[in-house]
>>> print(open('data_7.cif').read())   # mmCIF, C-alpha atoms
data_my_file
#
loop_
_atom_site.group_PDB
_atom_site.id
_atom_site.type_symbol
_atom_site.label_atom_id
_atom_site.label_comp_id
_atom_site.auth_asym_id
_atom_site.auth_seq_id
_atom_site.Cartn_x
_atom_site.Cartn_y
_atom_site.Cartn_z
ATOM 1 C CA MET Y 278 175.161 103.049 187.491
ATOM 2 C CA ARG Y 279 176.497 99.958 185.746
ATOM 3 C CA LYS Y 280 176.309 101.611 182.313
ATOM 4 C CA THR Y 281 178.171 104.593 183.745
ATOM 5 C CA LEU Y 282 180.978 102.335 184.999
ATOM 6 C CA VAL Y 283 181.142 100.546 181.659
ATOM 7 C CA GLY Y 284 181.259 103.896 179.895
ATOM 8 C CA CYS Y 285 184.102 105.033 182.145
ATOM 9 C CA PHE Y 286 186.067 101.853 181.461
ATOM 10 C CA VAL Y 287 185.485 102.144 177.725
ATOM 11 C CA GLY Y 288 186.598 105.763 177.840
ATOM 12 C CA ALA Y 289 189.706 104.825 179.809
ATOM 13 C CA LEU Y 290 190.423 102.071 177.312
ATOM 14 C CA ALA Y 291 190.163 104.529 174.426
ATOM 15 C CA ILE Y 292 192.619 106.862 176.130
ATOM 16 C CA CYS Y 293 195.002 103.989 176.767
ATOM 17 C CA ILE Y 294 194.781 102.816 173.172
ATOM 18 C CA GLY Y 295 195.710 106.335 172.126
ATOM 19 C CA ASN Y 296 198.679 106.146 174.456
ATOM 20 C CA VAL Y 297 199.599 102.766 172.983
ATOM 21 C CA THR Y 298 199.758 104.191 169.482
ATOM 22 C CA ASP Y 299 201.834 107.119 170.747
ATOM 23 C CA GLY Y 300 204.206 104.657 172.412
ATOM 24 C CA LEU Y 301 204.544 102.683 169.205
ATOM 25 C CA ALA Y 302 205.467 105.806 167.316
ATOM 26 C CA ALA Y 303 208.136 106.525 169.936
ATOM 27 C CA GLY Y 304 209.668 103.066 169.530
ATOM 28 C CA GLY Y 305 207.852 101.122 172.262
ATOM 29 C CA THR Y 306 206.391 97.705 171.587
ATOM 30 C CA PHE Y 307 203.000 96.342 172.457
ATOM 31 C CA THR Y 308 202.612 92.836 171.093
ATOM 32 C CA ARG Y 309 199.433 91.348 169.730
ATOM 33 C CA GLY Y 310 199.453 88.946 172.661
ATOM 34 C CA CYS Y 311 199.464 91.811 175.137
ATOM 35 C CA ALA Y 312 196.784 93.688 173.216
ATOM 36 C CA ALA Y 313 194.516 90.650 172.933
ATOM 37 C CA ARG Y 314 194.905 89.730 176.605
ATOM 38 C CA ASP Y 315 194.386 93.368 177.620
ATOM 39 C CA MET Y 316 191.089 93.556 175.752
ATOM 40 C CA GLN Y 317 189.976 90.205 177.173
ATOM 41 C CA ILE Y 318 190.697 91.285 180.749
ATOM 42 C CA MET Y 319 188.987 94.655 180.247
ATOM 43 C CA MET Y 320 185.871 92.856 179.030
ATOM 44 C CA MET Y 321 186.026 90.530 182.041
ATOM 45 C CA ILE Y 322 186.191 93.547 184.350
ATOM 46 C CA GLU Y 323 183.266 95.267 182.632
ATOM 47 C CA THR Y 324 181.004 92.216 182.845
ATOM 48 C CA SER Y 325 182.020 90.941 186.273
ATOM 49 C CA GLU Y 326 180.098 91.442 189.485
ATOM 50 C CA ILE Y 327 183.131 92.522 191.526
ATOM 51 C CA SER Y 328 183.091 95.630 193.669
ATOM 52 C CA PRO Y 329 183.928 99.026 192.186
ATOM 53 C CA GLN Y 330 187.126 99.161 194.259
ATOM 54 C CA ASP Y 331 188.206 95.757 192.924
ATOM 55 C CA LYS Y 332 187.568 97.032 189.391
ATOM 56 C CA ILE Y 333 189.715 100.085 190.045
ATOM 57 C CA ASP Y 334 192.492 97.900 191.454
ATOM 58 C CA ALA Y 335 192.299 95.597 188.435
ATOM 59 C CA VAL Y 336 192.537 98.534 186.010
ATOM 60 C CA ARG Y 337 195.575 99.854 187.883
ATOM 61 C CA THR Y 338 197.197 96.443 187.587
ATOM 62 C CA ILE Y 339 196.383 96.410 183.869
ATOM 63 C CA MET Y 340 198.198 99.715 183.508
ATOM 64 C CA HIS Y 341 201.234 98.101 185.139
ATOM 65 C CA ALA Y 342 201.024 95.165 182.705
ATOM 66 C CA ARG Y 343 200.819 97.597 179.772
ATOM 67 C CA ILE Y 344 203.976 99.332 180.909
ATOM 68 C CA MET Y 345 205.691 95.961 181.166
ATOM 69 C CA CYS Y 346 204.631 95.158 177.595
ATOM 70 C CA PHE Y 347 205.995 98.471 176.343
ATOM 71 C CA GLU Y 348 209.289 97.716 178.063
ATOM 72 C CA GLY Y 349 209.508 94.350 176.324
ATOM 73 C CA GLN Y 350 208.672 92.209 179.373
ATOM 74 C CA VAL Y 351 205.900 90.447 177.491
ATOM 75 C CA LEU Y 352 205.937 87.098 179.318
ATOM 76 C CA ASP Y 353 205.898 88.816 182.704
ATOM 77 C CA ALA Y 354 203.084 91.102 181.561
ATOM 78 C CA LEU Y 355 201.029 88.141 180.352
ATOM 79 C CA ALA Y 356 201.530 86.551 183.778
ATOM 80 C CA VAL Y 357 200.170 89.744 185.377
ATOM 81 C CA TYR Y 358 197.143 89.593 183.063
ATOM 82 C CA ASP Y 359 196.621 85.953 184.079
ATOM 83 C CA ASN Y 360 196.729 86.921 187.770
ATOM 84 C CA ILE Y 361 194.078 89.574 187.159
ATOM 85 C CA ALA Y 362 191.865 87.036 185.376
ATOM 86 C CA HIS Y 363 192.237 84.558 188.227
ATOM 87 C CA SER Y 364 191.373 87.184 190.832
ATOM 88 C CA ILE Y 365 188.272 88.240 188.896
ATOM 89 C CA ALA Y 366 187.176 84.625 188.443
ATOM 90 C CA ALA Y 367 187.720 83.931 192.159
ATOM 91 C CA ASN Y 368 185.343 86.756 193.082
#
>>> encode(input="data_7.cif", output="structure tokens")
Amino acid sequence: MRKTLVGCFVGALAICIGNVTDGLAAGGTFTRGCAARDMQIMMMIETSEISPQDKIDAVRTIMHARIMCFEGQVLDALAVYDNIAHSIAAN
């Protein structure tokens, strides 16, 4: 079950990375800071012992942070990533 969840998250990450490159070609921006923090949080989610629903909620919040990065709201997006990390660590 756990490997299946990890596989799903990795698959979702691959799709999102494809979307990131499409966004870059269309003129959007996704800074290295956002990309690095995104990968770090995804790894935290994959290795954490939080409930499946909490993982889903965290991934949805990551999607929101990605959109913020694309829109140029990098500092706000990094704050969202930090909030996700704190919520995972608290659980």
>>> closest_residue(input="data_7.cif", among="Y:Phe347, Y:His341, Y:Glu326, Y:Ile333", to="Y:Ala367", atoms="only C-alpha atoms")
Y:Glu326
>>> closest_residue(input="data_7.cif", among="Y:Val351, Y:Ile318, Y:Ile339, Y:Cys346", to="Y:Ile365", atoms="only C-alpha atoms")
Y:Ile318
>>> atom_distance(input="data_7.cif", atom1="atom CA of Y:Arg343", atom2="atom CA of Y:Asp315")
8.0 Å
>>> atom_distance(input="data_7.cif", atom1="atom CA of Y:Ile322", atom2="atom CA of Y:Gly349")
24.7 Å
>>> atom_distance(input="data_7.cif", atom1="atom CA of Y:Pro329", atom2="atom CA of Y:Ser364")
14.1 Å
>>> resolve_selection(input="data_7.cif", expression="the PyMOL selection byres ((chain Y and resi 352) around 12)", output="VMD selection string")
chain Y and resid 307 to 308 310 to 311 314 342 to 343 345 to 351 353 to 359
>>> axis_aligned_box(input="data_7.cif", around="stretch 313-317 of chain Y", padding_each_side="3 Å", output="lines of an AutoDock Vina configuration file")
center_x = 192.4
center_y = 91.6
center_z = 175.3
size_x = 10.9
size_y = 9.8
size_z = 10.7
>>> decode(input="data_7.cif", residues="stretch 325-358 of chain Y", atoms="C-alpha atoms", output="mmCIF file, in the first residue's frame")
data_model
loop_
_atom_site.group_PDB
_atom_site.id
_atom_site.type_symbol
_atom_site.label_atom_id
_atom_site.label_comp_id
_atom_site.auth_asym_id
_atom_site.auth_seq_id
_atom_site.Cartn_x
_atom_site.Cartn_y
_atom_site.Cartn_z
ATOM 1 C CA SER Y 325 5.921 10.805 6.581
ATOM 2 C CA GLU Y 326 3.514 8.735 8.627
ATOM 3 C CA ILE Y 327 0.565 11.108 8.178
ATOM 4 C CA SER Y 328 -2.838 9.883 7.097
ATOM 5 C CA PRO Y 329 -3.680 9.481 3.415
ATOM 6 C CA GLN Y 330 -6.182 12.349 3.657
ATOM 7 C CA ASP Y 331 -3.517 14.626 5.154
ATOM 8 C CA LYS Y 332 -1.207 13.678 2.276
ATOM 9 C CA ILE Y 333 -3.897 14.556 -0.244
ATOM 10 C CA ASP Y 334 -4.506 17.891 1.482
ATOM 11 C CA ALA Y 335 -0.778 18.636 1.500
ATOM 12 C CA VAL Y 336 -0.470 17.870 -2.226
ATOM 13 C CA ARG Y 337 -3.415 20.167 -2.957
ATOM 14 C CA THR Y 338 -1.711 22.920 -0.989
ATOM 15 C CA ILE Y 339 1.498 22.287 -2.937
ATOM 16 C CA MET Y 340 -0.432 22.795 -6.156
ATOM 17 C CA HIS Y 341 -1.591 26.157 -4.803
ATOM 18 C CA ALA Y 342 2.013 27.097 -3.955
ATOM 19 C CA ARG Y 343 3.109 26.117 -7.476
ATOM 20 C CA ILE Y 344 0.504 28.397 -8.989
ATOM 21 C CA MET Y 345 1.718 31.206 -6.751
ATOM 22 C CA CYS Y 346 5.284 30.617 -7.958
ATOM 23 C CA PHE Y 347 4.175 30.729 -11.587
ATOM 24 C CA GLU Y 348 2.418 34.019 -10.904
ATOM 25 C CA GLY Y 349 5.593 35.493 -9.437
ATOM 26 C CA GLN Y 350 4.492 35.395 -5.783
ATOM 27 C CA VAL Y 351 7.621 33.506 -4.795
ATOM 28 C CA LEU Y 352 7.953 34.694 -1.185
ATOM 29 C CA ASP Y 353 4.301 33.934 -0.479
ATOM 30 C CA ALA Y 354 4.650 30.521 -2.114
ATOM 31 C CA LEU Y 355 7.715 29.713 -0.016
ATOM 32 C CA ALA Y 356 5.696 30.650 3.076
ATOM 33 C CA VAL Y 357 2.998 28.179 1.970
ATOM 34 C CA TYR Y 358 5.662 25.484 1.551
#
